[in-house]
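J.: This is the structure, below, for whatever I ask next.
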Amino acid sequence: MSNYAIGFEGTQIGVAPDGWTATVTGSGDSRWTVESDATAPSKSKVLKQSGQATYPLLLKDDTSIKDGFVEVMFKAVAGSQDRAAGIVWRAKDANNYYVTRANALEDNVVLYKTVNGVRSPLDIVGRKGGYGTDIKVPSNTWHTLRIDFKASRFVVSFNGKQLFEVEDSTFGDAGKVGLWTKADSVTLFDQITYGEAK
């Protein structure tokens with residue numbers, strides 16, 4: 001496992017971080033900026049998404065991972081339509097990827113696939129139907145979201161606890177990892193780590 005930890009200490013405030021591509025699925029404008037936040041887990045700088053779009057997306061440029069993990073700390077700050085934080089993996093482009101997200105308005109964690117810009121939730125292993133897992137996601141609190149992915153099996157963890165597994169083979173090739181929000185979510189991200197399973 002080769003691990004990468006992303007920090008934004010060297011990035012100036014108010015601009016998008018180097019080495020990432022800000023985009024959207026659908027319409028609207030994402031706004032990803034590095035901001036100072038002494039209350040954050042890293043005690044320095046965080047990544048903030050404050051734009052409004054169908055799904056604001058931020059992809060890590062130099063990543064191509066087939067099997068591995070992504071973990072991030074996030075804080076859902078605001079949003080009346082939505083208040084979400086997501087992790088993207090095996091992304092081909094802004095319209096084709098997997099995403100798992102936690103939502104502070106719905107108090108749940110769900111795993112989706114987005115195919116040609118259309119998002120659909122995936123069934124949890126051992127359960128037919130339903131919509132992710134209900135779990136408290138308080139706003140203005142730092143949480144940890146993690147995805148481990150290997151072949152067609154994905155394991156979602158929230159605040160250090162494994163929530164559920166999903167089996168899907170829509171996107172089997174290596175792709176980019178990234179971050180995701182929805183609609184008018186204002187979300188902070190910190191301590192992003194990812195790695196490739198060897």
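Within each chain, counting starts at residue 1; across the structure tokens, chains are named A, B, ... in the order shown, with ligands numbered 1 upward in that order.
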Near Asn3 of chain A, counting only C-alpha atoms, which residues have an atom at most 12 Å away, once you skip same-chain residues fewer than 3 positions from it, shown as a PyMOL selection string?

T.: chain A and resi 6+63+65+68-71+192-198

J.: Pull N, CA and C atoms from the residues just selected and write them as a PDB file, in the first residue's frame.

T.:
ATOM      1  N   ILE A   6      -2.602  14.500   1.641  1.00  0.00           N
ATOM      2  CA  ILE A   6      -2.681  15.794   0.976  1.00  0.00           C
ATOM      3  C   ILE A   6      -2.824  16.885   2.019  1.00  0.00           C
ATOM      4  N   THR A  63      -3.810  10.944 -10.325  1.00  0.00           N
ATOM      5  CA  THR A  63      -4.186   9.655  -9.728  1.00  0.00           C
ATOM      6  C   THR A  63      -4.755   8.716 -10.778  1.00  0.00           C
ATOM      7  N   ILE A  65      -6.016   4.912  -9.886  1.00  0.00           N
ATOM      8  CA  ILE A  65      -6.033   3.828  -8.891  1.00  0.00           C
ATOM      9  C   ILE A  65      -7.172   2.866  -9.211  1.00  0.00           C
ATOM     10  N   GLY A  68      -7.694   0.302  -3.905  1.00  0.00           N
ATOM     11  CA  GLY A  68      -7.049   1.100  -2.866  1.00  0.00           C
ATOM     12  C   GLY A  68      -8.059   1.684  -1.900  1.00  0.00           C
ATOM     13  N   PHE A  69      -7.760   2.900  -1.407  1.00  0.00           N
ATOM     14  CA  PHE A  69      -8.653   3.543  -0.443  1.00  0.00           C
ATOM     15  C   PHE A  69      -8.545   5.057  -0.589  1.00  0.00           C
ATOM     16  N   VAL A  70      -9.579   5.732  -0.119  1.00  0.00           N
ATOM     17  CA  VAL A  70      -9.558   7.187   0.060  1.00  0.00           C
ATOM     18  C   VAL A  70     -10.221   7.477   1.398  1.00  0.00           C
ATOM     19  N   GLU A  71      -9.595   8.376   2.163  1.00  0.00           N
ATOM     20  CA  GLU A  71     -10.182   8.766   3.440  1.00  0.00           C
ATOM     21  C   GLU A  71     -10.097  10.278   3.562  1.00  0.00           C
ATOM     22  N   ILE A 192      -6.872  14.707   3.781  1.00  0.00           N
ATOM     23  CA  ILE A 192      -7.213  13.774   2.703  1.00  0.00           C
ATOM     24  C   ILE A 192      -6.058  12.793   2.531  1.00  0.00           C
ATOM     25  N   THR A 193      -6.361  11.514   2.604  1.00  0.00           N
ATOM     26  CA  THR A 193      -5.341  10.493   2.325  1.00  0.00           C
ATOM     27  C   THR A 193      -5.911   9.494   1.333  1.00  0.00           C
ATOM     28  N   TYR A 194      -5.026   8.975   0.502  1.00  0.00           N
ATOM     29  CA  TYR A 194      -5.445   7.922  -0.430  1.00  0.00           C
ATOM     30  C   TYR A 194      -4.269   7.019  -0.709  1.00  0.00           C
ATOM     31  N   GLY A 195      -4.535   5.844  -1.202  1.00  0.00           N
ATOM     32  CA  GLY A 195      -3.462   4.905  -1.467  1.00  0.00           C
ATOM     33  C   GLY A 195      -3.893   3.810  -2.399  1.00  0.00           C
ATOM     34  N   GLU A 196      -2.904   3.141  -2.921  1.00  0.00           N
ATOM     35  CA  GLU A 196      -3.138   2.075  -3.877  1.00  0.00           C
ATOM     36  C   GLU A 196      -2.760   0.751  -3.226  1.00  0.00           C
ATOM     37  N   ALA A 197      -3.632  -0.240  -3.366  1.00  0.00           N
ATOM     38  CA  ALA A 197      -3.324  -1.575  -2.841  1.00  0.00           C
ATOM     39  C   ALA A 197      -2.363  -2.237  -3.804  1.00  0.00           C
ATOM     40  N   LYS A 198      -1.271  -2.757  -3.259  1.00  0.00           N
ATOM     41  CA  LYS A 198      -0.268  -3.379  -4.125  1.00  0.00           C
ATOM     42  C   LYS A 198      -0.530  -4.876  -4.217  1.00  0.00           C
TER      43      LYS A 198
END

J.: Report as a ChimeraX atom specification: the residues of segment 28-186 of chain A with a DSSP assignment of strand (DSSP E), based on the backbone of this structure.

T.: /A:28-29,32-36,45-49,52-60,68-78,84-93,96-103,108-115,118-121,133-134,143-150,153-158,161-167,176-180,186

J.: Under the rule that only C-alpha atoms are counted, which of A:Thr170, A:Ile135, A:Val110, A:Tyr4 is the nearest residue to Gly86 of chain A?

T.: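 Counting only C-alpha atoms, the residue closest to Gly86 of chain A is A:Val110.
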
J.: Which of these residues is nearest to Trp20 of chain A, using only C-alpha atoms: A:Lys45, A:Lys176, A:Lys150, A:Lys182?

T.: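 Among the listed residues, the smallest separation from Trp20 of chain A belongs to A:Lys176.
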
J.: Select, from A:Phe164, A:Phe171, A:Phe189, A:Tyr131, the residue with the minimum atom-to-atom distance to Asn96 of chain A, counting only C-alpha atoms.

T.: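 Ranking A:Phe164, A:Phe171, A:Phe189, A:Tyr131 by distance to Asn96 of chain A, first place goes to A:Phe171.
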
J.: Taking 2 positions as the minimum chain separation for residues in the same chain, which residues sit within 12 Å of Thr141 of chain A when counting only C-alpha atoms? Answer as a short mmCIF file (atom, residue, chain, number, x, y, z; two decimals) with N, CA and C atoms, in the first residue's frame.

T.:
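File written: part_16.cif
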data_model
loop_
_atom_site.label_atom_id
_atom_site.label_comp_id
_atom_site.auth_asym_id
_atom_site.auth_seq_id
_atom_site.Cartn_x
_atom_site.Cartn_y
_atom_site.Cartn_z
N THR A 39 -9.41 25.63 13.69
CA THR A 39 -10.19 24.63 14.43
C THR A 39 -10.22 23.29 13.72
N ALA A 40 -9.63 23.22 12.53
CA ALA A 40 -9.66 21.98 11.75
C ALA A 40 -8.74 20.93 12.37
N PRO A 41 -8.95 19.65 12.02
CA PRO A 41 -8.07 18.60 12.55
C PRO A 41 -6.59 18.86 12.25
N MET A 73 -11.47 13.81 6.17
CA MET A 73 -12.26 14.40 7.24
C MET A 73 -13.06 15.54 6.62
N PHE A 74 -14.31 15.69 7.05
CA PHE A 74 -15.14 16.74 6.49
C PHE A 74 -16.02 17.35 7.56
N LYS A 75 -16.48 18.57 7.27
CA LYS A 75 -17.44 19.24 8.13
C LYS A 75 -18.50 19.87 7.23
N ALA A 76 -19.75 19.46 7.41
CA ALA A 76 -20.86 20.05 6.66
C ALA A 76 -21.25 21.34 7.37
N VAL A 77 -21.09 22.47 6.67
CA VAL A 77 -21.27 23.77 7.30
C VAL A 77 -22.65 24.36 7.04
N ALA A 78 -23.09 24.30 5.78
CA ALA A 78 -24.36 24.94 5.43
C ALA A 78 -24.94 24.30 4.18
N ALA A 104 -25.71 15.55 5.95
CA ALA A 104 -26.10 16.04 7.28
C ALA A 104 -27.58 16.43 7.35
N LYS A 136 -26.36 9.29 12.13
CA LYS A 136 -26.32 10.73 12.44
C LYS A 136 -25.06 11.35 11.84
N VAL A 137 -25.27 12.47 11.12
CA VAL A 137 -24.15 13.23 10.55
C VAL A 137 -24.33 14.69 10.97
N PRO A 138 -24.03 15.02 12.24
CA PRO A 138 -24.28 16.38 12.71
C PRO A 138 -23.50 17.42 11.90
N SER A 139 -24.17 18.54 11.58
CA SER A 139 -23.49 19.66 10.92
C SER A 139 -22.49 20.30 11.87
N HIS A 143 -16.09 14.90 10.77
CA HIS A 143 -16.33 13.46 10.65
C HIS A 143 -15.29 12.87 9.70
N THR A 144 -15.13 11.55 9.76
CA THR A 144 -14.24 10.85 8.84
C THR A 144 -15.06 9.94 7.93
N ASN A 159 -16.53 7.59 10.50
CA ASN A 159 -15.99 7.81 11.85
C ASN A 159 -15.36 6.54 12.43
N THR A 187 -19.17 22.82 2.32
CA THR A 187 -18.50 21.71 3.02
C THR A 187 -17.01 21.98 3.11
N LEU A 188 -16.43 21.67 4.28
CA LEU A 188 -14.98 21.75 4.47
C LEU A 188 -14.39 20.35 4.45
N PHE A 189 -13.21 20.21 3.83
CA PHE A 189 -12.49 18.94 3.80
C PHE A 189 -11.10 19.13 4.37
#

J.: State, in Å with one decimal place, the distance from atom CA of Arg31 of chain A to atom CA of Leu59 of chain A.

T.: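 Computing the Euclidean distance for atom CA of Arg31 of chain A and atom CA of Leu59 of chain A yields 13.1 Å.
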